[in-house]
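Engineer: Attaching a single structure in structure tokens format; questions to follow.
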Amino acid sequence: MNPPPPLTALSDLDAQLRTAGFAVLGAETLSRWSHIKPEQFAAWQPMWDELPPDTHLRDGGRYRRRRHGSFVIDGDRVQAVPQRAHWQPLQYNALHGGIERWFEPLPQALLRDAAWARLLATLAGCASALRGAQRWFVEAHPFRIDTGVDGIGRPTPEGAHRDGVDLVAVMLVARHNVKGGETRVFDALGPQGLRFTLAEAWSVLLLDDARVIHETTPIQPLDADRPAERDTLVLTFRAGAFQDASAILSE
């Protein structure tokens, strides 16, 4: 196991994001901040066992499962929007950019869960502290990276990247039989960087997407006779609008 992440105290969160461009909160801190009990987080975990395969992987891999949902957040008001394609320009995703990727929606039970809305609103408040209070256009991606078919799983097949948003939250949900999966965060304009491994369930890495680039190294099984799985929830917060192919083409 690589070094653990440097944890940030909640009282230092805003300053840490402004100065370093990233922060990591432990599970207890996230629970206290969002007013979500550990058992409420744990109740979401079975969703990862029901994720459908990602059929858009351009490297030919079969190691990723995911769903996708979109929301607009204005203060404490969290509004789900009709299912839409996930789209990124090539400048942010050289592997999968420039194409509309449609994924299965998030479960309705999750959308009705008041704790889910609290999580999104809490993180939107963090984005507003970073960029100023405004409406936030949010995309939610539950991922499972596994090694059962290919023998190796790639959490970020596009490599070190930015997402073209304002704030990124990467929550570690579970690691099973995993070696690898090291998180790397680099200054977008310089050589400075940090590497660590998220291992605590429901800890979260927060990234100022304008300041840093990030990646996660491939995973392999600790026990070669059993598959390895790494489950995460990635939430992105963008001011102004969703990234959308039609909006780019109309500019």
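Starting from 1 in every chain, residues are counted up; chains themselves are A, B, ... following the order of the structure tokens, and ligands are numbered from 1 as listed.
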What lies within 7 Å of Thr236 in chain A using only C-alpha atoms, ignoring chain neighbours under 3 positions off, as a VMD selection string?

Structural biologist: chain A and resid 138 to 140 165 167 to 169

Engineer: Residues as selected, all heavy atoms, written as a compact mmCIF listing (two decimals), in the first residue's frame, can you do that?

Structural biologist:
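The file below, again_30.txt, is the result:
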```
# COMPACT_ATOMS: atom_id res chain seq x y z
N VAL A 138 -24.27 19.62 -12.11
CA VAL A 138 -23.57 18.52 -11.45
C VAL A 138 -23.79 17.23 -12.22
O VAL A 138 -24.91 16.92 -12.65
CB VAL A 138 -24.08 18.35 -10.00
CG1 VAL A 138 -23.34 17.23 -9.29
CG2 VAL A 138 -23.97 19.68 -9.25
N GLU A 139 -22.73 16.46 -12.39
CA GLU A 139 -22.84 15.12 -12.96
C GLU A 139 -22.32 14.11 -11.94
O GLU A 139 -21.30 14.33 -11.29
CB GLU A 139 -22.06 15.02 -14.27
CG GLU A 139 -22.63 15.94 -15.35
CD GLU A 139 -22.04 15.68 -16.72
OE1 GLU A 139 -22.13 14.53 -17.20
OE2 GLU A 139 -21.48 16.63 -17.30
N ALA A 140 -23.06 13.01 -11.81
CA ALA A 140 -22.73 11.96 -10.84
C ALA A 140 -22.39 10.68 -11.59
O ALA A 140 -23.14 10.25 -12.48
CB ALA A 140 -23.91 11.73 -9.90
N VAL A 165 -14.37 21.22 -15.47
CA VAL A 165 -15.40 21.68 -14.54
C VAL A 165 -14.74 22.59 -13.51
O VAL A 165 -13.62 23.03 -13.70
CB VAL A 165 -16.11 20.47 -13.87
CG1 VAL A 165 -16.80 19.62 -14.92
CG2 VAL A 165 -15.13 19.63 -13.06
N LEU A 167 -15.21 21.99 -9.72
CA LEU A 167 -14.86 21.16 -8.57
C LEU A 167 -15.13 19.71 -8.90
O LEU A 167 -16.17 19.38 -9.48
CB LEU A 167 -15.68 21.56 -7.34
CG LEU A 167 -15.39 20.79 -6.05
CD1 LEU A 167 -14.06 21.24 -5.44
CD2 LEU A 167 -16.52 20.96 -5.04
N VAL A 168 -14.18 18.85 -8.55
CA VAL A 168 -14.35 17.40 -8.70
C VAL A 168 -14.27 16.77 -7.31
O VAL A 168 -13.37 17.11 -6.52
CB VAL A 168 -13.25 16.79 -9.59
CG1 VAL A 168 -13.43 15.27 -9.72
CG2 VAL A 168 -13.25 17.44 -10.98
N ALA A 169 -15.19 15.87 -7.01
CA ALA A 169 -15.15 15.09 -5.78
C ALA A 169 -15.03 13.62 -6.14
O ALA A 169 -15.86 13.10 -6.89
CB ALA A 169 -16.41 15.33 -4.94
```

Engineer: Can you tell me which residues surround Ala160 in chain A at a distance of at most 9 Å, considering only C-alpha atoms, apart from same-chain residues fewer than 5 positions away, and format the answer as a PDB file with all heavy atoms, in the first residue's frame?

Structural biologist:
```pdb
ATOM      1  N   ARG A 184      -2.892  10.221  -7.981  1.00  0.00           N
ATOM      2  CA  ARG A 184      -1.822  11.178  -8.237  1.00  0.00           C
ATOM      3  C   ARG A 184      -2.444  12.517  -8.590  1.00  0.00           C
ATOM      4  O   ARG A 184      -3.304  12.599  -9.475  1.00  0.00           O
ATOM      5  CB  ARG A 184      -0.919  10.676  -9.369  1.00  0.00           C
ATOM      6  CG  ARG A 184      -0.223   9.364  -9.017  1.00  0.00           C
ATOM      7  CD  ARG A 184       0.604   8.819 -10.173  1.00  0.00           C
ATOM      8  NE  ARG A 184       1.296   7.593  -9.774  1.00  0.00           N
ATOM      9  CZ  ARG A 184       2.051   6.856 -10.580  1.00  0.00           C
ATOM     10  NH1 ARG A 184       2.216   7.233 -11.850  1.00  0.00           N
ATOM     11  NH2 ARG A 184       2.642   5.766 -10.141  1.00  0.00           N
ATOM     12  N   VAL A 185      -1.996  13.551  -7.895  1.00  0.00           N
ATOM     13  CA  VAL A 185      -2.490  14.918  -8.117  1.00  0.00           C
ATOM     14  C   VAL A 185      -1.293  15.794  -8.436  1.00  0.00           C
ATOM     15  O   VAL A 185      -0.303  15.790  -7.690  1.00  0.00           O
ATOM     16  CB  VAL A 185      -3.224  15.451  -6.864  1.00  0.00           C
ATOM     17  CG1 VAL A 185      -3.737  16.867  -7.114  1.00  0.00           C
ATOM     18  CG2 VAL A 185      -4.382  14.535  -6.479  1.00  0.00           C
ATOM     19  N   PHE A 186      -1.371  16.515  -9.536  1.00  0.00           N
ATOM     20  CA  PHE A 186      -0.266  17.358  -9.983  1.00  0.00           C
ATOM     21  C   PHE A 186      -0.736  18.783 -10.206  1.00  0.00           C
ATOM     22  O   PHE A 186      -1.862  19.000 -10.671  1.00  0.00           O
ATOM     23  CB  PHE A 186       0.324  16.835 -11.306  1.00  0.00           C
ATOM     24  CG  PHE A 186       0.743  15.396 -11.283  1.00  0.00           C
ATOM     25  CD1 PHE A 186      -0.099  14.415 -11.770  1.00  0.00           C
ATOM     26  CD2 PHE A 186       1.975  15.031 -10.774  1.00  0.00           C
ATOM     27  CE1 PHE A 186       0.288  13.079 -11.760  1.00  0.00           C
ATOM     28  CE2 PHE A 186       2.374  13.711 -10.751  1.00  0.00           C
ATOM     29  CZ  PHE A 186       1.527  12.723 -11.245  1.00  0.00           C
ATOM     30  N   ILE A 213      -4.248  18.589 -12.171  1.00  0.00           N
ATOM     31  CA  ILE A 213      -4.636  17.440 -12.975  1.00  0.00           C
ATOM     32  C   ILE A 213      -4.520  16.209 -12.078  1.00  0.00           C
ATOM     33  O   ILE A 213      -3.814  16.222 -11.072  1.00  0.00           O
ATOM     34  CB  ILE A 213      -3.765  17.295 -14.235  1.00  0.00           C
ATOM     35  CG1 ILE A 213      -2.277  17.157 -13.878  1.00  0.00           C
ATOM     36  CG2 ILE A 213      -3.972  18.485 -15.163  1.00  0.00           C
ATOM     37  CD1 ILE A 213      -1.388  16.929 -15.081  1.00  0.00           C
ATOM     38  N   HIS A 214      -5.228  15.149 -12.449  1.00  0.00           N
ATOM     39  CA  HIS A 214      -5.242  13.977 -11.584  1.00  0.00           C
ATOM     40  C   HIS A 214      -5.364  12.701 -12.406  1.00  0.00           C
ATOM     41  O   HIS A 214      -5.815  12.724 -13.558  1.00  0.00           O
ATOM     42  CB  HIS A 214      -6.399  14.068 -10.572  1.00  0.00           C
ATOM     43  CG  HIS A 214      -7.755  14.064 -11.216  1.00  0.00           C
ATOM     44  ND1 HIS A 214      -8.307  15.182 -11.794  1.00  0.00           N
ATOM     45  CD2 HIS A 214      -8.673  13.076 -11.365  1.00  0.00           C
ATOM     46  CE1 HIS A 214      -9.506  14.896 -12.268  1.00  0.00           C
ATOM     47  NE2 HIS A 214      -9.753  13.617 -12.041  1.00  0.00           N
ATOM     48  N   GLU A 215      -4.963  11.613 -11.784  1.00  0.00           N
ATOM     49  CA  GLU A 215      -5.127  10.285 -12.374  1.00  0.00           C
ATOM     50  C   GLU A 215      -5.089   9.247 -11.260  1.00  0.00           C
ATOM     51  O   GLU A 215      -4.668   9.537 -10.125  1.00  0.00           O
ATOM     52  CB  GLU A 215      -4.027   9.994 -13.396  1.00  0.00           C
ATOM     53  CG  GLU A 215      -2.637   9.873 -12.802  1.00  0.00           C
ATOM     54  CD  GLU A 215      -1.584   9.490 -13.831  1.00  0.00           C
ATOM     55  OE1 GLU A 215      -1.959   8.945 -14.891  1.00  0.00           O
ATOM     56  OE2 GLU A 215      -0.392   9.730 -13.574  1.00  0.00           O
ATOM     57  N   THR A 216      -5.522   8.046 -11.587  1.00  0.00           N
ATOM     58  CA  THR A 216      -5.414   6.905 -10.676  1.00  0.00           C
ATOM     59  C   THR A 216      -4.777   5.764 -11.433  1.00  0.00           C
ATOM     60  O   THR A 216      -5.174   5.456 -12.565  1.00  0.00           O
ATOM     61  CB  THR A 216      -6.801   6.489 -10.149  1.00  0.00           C
ATOM     62  OG1 THR A 216      -7.417   7.605  -9.501  1.00  0.00           O
ATOM     63  CG2 THR A 216      -6.675   5.339  -9.162  1.00  0.00           C
TER      64      THR A 216
END
```

Engineer: Check the DSSP output for the backbone and give back, as a tab-separated table (two decimals) with C-alpha atoms, in the first residue's frame, the residues of range 75-217 of chain A in alpha helix (DSSP H).

Structural biologist:
```
chain	number	residue	atom	x	y	z
A	108	GLN	CA	-34.80	6.12	-8.47
A	109	ALA	CA	-34.40	5.07	-4.84
A	110	LEU	CA	-31.15	7.04	-4.68
A	111	LEU	CA	-32.77	10.13	-6.22
A	114	ALA	CA	-32.77	12.93	1.30
A	115	ALA	CA	-29.18	12.05	2.27
A	116	TRP	CA	-28.19	12.06	-1.41
A	117	ALA	CA	-29.56	15.58	-1.85
A	118	ARG	CA	-27.70	16.68	1.31
A	119	LEU	CA	-24.43	15.32	-0.06
A	120	LEU	CA	-24.84	17.17	-3.35
A	121	ALA	CA	-25.86	20.42	-1.62
A	122	THR	CA	-22.92	20.19	0.80
A	123	LEU	CA	-20.42	19.79	-2.02
A	124	ALA	CA	-22.11	22.54	-4.02
A	125	GLY	CA	-21.52	24.80	-1.02
A	126	CYS	CA	-17.84	23.91	-1.24
A	127	ALA	CA	-17.82	24.84	-4.93
A	128	SER	CA	-19.47	28.17	-4.08
A	129	ALA	CA	-16.84	28.86	-1.43
A	130	LEU	CA	-14.23	28.30	-4.12
A	131	ARG	CA	-15.85	30.17	-7.03
```

Engineer: Would you compute the distance between CA of Leu13 in chain A and CA of Leu189 in chain A? Give it in Å to one decimal.

Structural biologist: 22.0 Å

Engineer: Quick one: everything within 6 Å of range 45-54 of chain A, counting only C-alpha atoms, minus sequence neighbours fewer than 6 positions away in the same chain. Send it as a ChimeraX atom specification.

Structural biologist: /A:64-66

Engineer: Would you kindly return, as a ChimeraX atom specification, each protein, DNA or RNA residue with an atom no farther than 9 Å from any atom of range 100-104 of chain A, considering only C-alpha atoms and excluding same-chain residues fewer than 3 positions away?

Structural biologist: /A:51-52,54-56,66-69,83-88,96-97,244-245

Engineer: Can you check which residues of range 62-94 of chain A DSSP gives as strand (DSSP E or B) on the backbone and send them as an NGL selection string?

Structural biologist: :A and (64-66 or 69-74 or 77-80 or 86)

Engineer: Can you tell me which residues surround Glu229 in chain A at a distance of at most 9 Å, considering only C-alpha atoms, apart from same-chain residues fewer than 6 positions away, and format the answer as a ChimeraX atom specification?

Structural biologist: /A:144-148,153,174-178,219-221

Engineer: Output N, CA and C atoms for every residue in the selection just made, as a PDB file, in the first residue's frame.

Structural biologist:
```pdb
ATOM      1  N   ARG A 144     -17.398   1.188 -11.028  1.00  0.00           N
ATOM      2  CA  ARG A 144     -16.695   0.002 -10.527  1.00  0.00           C
ATOM      3  C   ARG A 144     -15.615  -0.361 -11.553  1.00  0.00           C
ATOM      4  N   ILE A 145     -14.375  -0.418 -11.096  1.00  0.00           N
ATOM      5  CA  ILE A 145     -13.264  -0.903 -11.905  1.00  0.00           C
ATOM      6  C   ILE A 145     -12.919  -2.293 -11.399  1.00  0.00           C
ATOM      7  N   ASP A 146     -12.920  -3.277 -12.297  1.00  0.00           N
ATOM      8  CA  ASP A 146     -12.632  -4.644 -11.854  1.00  0.00           C
ATOM      9  C   ASP A 146     -11.619  -5.301 -12.783  1.00  0.00           C
ATOM     10  N   THR A 147     -11.103  -6.429 -12.348  1.00  0.00           N
ATOM     11  CA  THR A 147     -10.072  -7.150 -13.098  1.00  0.00           C
ATOM     12  C   THR A 147     -10.544  -8.521 -13.542  1.00  0.00           C
ATOM     13  N   GLY A 148     -11.845  -8.784 -13.393  1.00  0.00           N
ATOM     14  CA  GLY A 148     -12.335 -10.136 -13.619  1.00  0.00           C
ATOM     15  C   GLY A 148     -12.191 -10.633 -15.036  1.00  0.00           C
ATOM     16  N   GLY A 153      -7.416  -3.416 -14.323  1.00  0.00           N
ATOM     17  CA  GLY A 153      -8.453  -2.399 -14.454  1.00  0.00           C
ATOM     18  C   GLY A 153      -7.843  -1.015 -14.440  1.00  0.00           C
ATOM     19  N   ALA A 174     -15.254   1.499  -1.962  1.00  0.00           N
ATOM     20  CA  ALA A 174     -14.741   0.196  -1.488  1.00  0.00           C
ATOM     21  C   ALA A 174     -13.552  -0.223  -2.339  1.00  0.00           C
ATOM     22  N   ARG A 175     -12.664  -1.002  -1.718  1.00  0.00           N
ATOM     23  CA  ARG A 175     -11.566  -1.691  -2.402  1.00  0.00           C
ATOM     24  C   ARG A 175     -11.609  -3.150  -1.953  1.00  0.00           C
ATOM     25  N   HIS A 176     -11.625  -4.066  -2.920  1.00  0.00           N
ATOM     26  CA  HIS A 176     -11.652  -5.492  -2.600  1.00  0.00           C
ATOM     27  C   HIS A 176     -10.525  -6.192  -3.365  1.00  0.00           C
ATOM     28  N   ASN A 177      -9.590  -6.783  -2.640  1.00  0.00           N
ATOM     29  CA  ASN A 177      -8.520  -7.580  -3.233  1.00  0.00           C
ATOM     30  C   ASN A 177      -7.681  -6.758  -4.216  1.00  0.00           C
ATOM     31  N   VAL A 178      -7.450  -5.504  -3.903  1.00  0.00           N
ATOM     32  CA  VAL A 178      -6.809  -4.582  -4.848  1.00  0.00           C
ATOM     33  C   VAL A 178      -5.376  -4.275  -4.452  1.00  0.00           C
ATOM     34  N   ILE A 219      -5.311  -1.044 -11.446  1.00  0.00           N
ATOM     35  CA  ILE A 219      -5.417  -1.989 -10.335  1.00  0.00           C
ATOM     36  C   ILE A 219      -5.192  -3.406 -10.848  1.00  0.00           C
ATOM     37  N   GLN A 220      -4.683  -4.242  -9.941  1.00  0.00           N
ATOM     38  CA  GLN A 220      -4.528  -5.669 -10.174  1.00  0.00           C
ATOM     39  C   GLN A 220      -4.941  -6.409  -8.911  1.00  0.00           C
ATOM     40  N   PRO A 221      -5.176  -7.710  -8.986  1.00  0.00           N
ATOM     41  CA  PRO A 221      -5.586  -8.456  -7.794  1.00  0.00           C
ATOM     42  C   PRO A 221      -4.420  -8.716  -6.852  1.00  0.00           C
TER      43      PRO A 221
END
```

Engineer: Rank nothing, just name the residue among A:Ser34, A:Trp202, A:Pro157, A:Thr19 nearest to Asp59 in chain A, using only C-alpha atoms.

Structural biologist: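 Checking each candidate against Asp59 in chain A, we get A:Pro157 as the closest.
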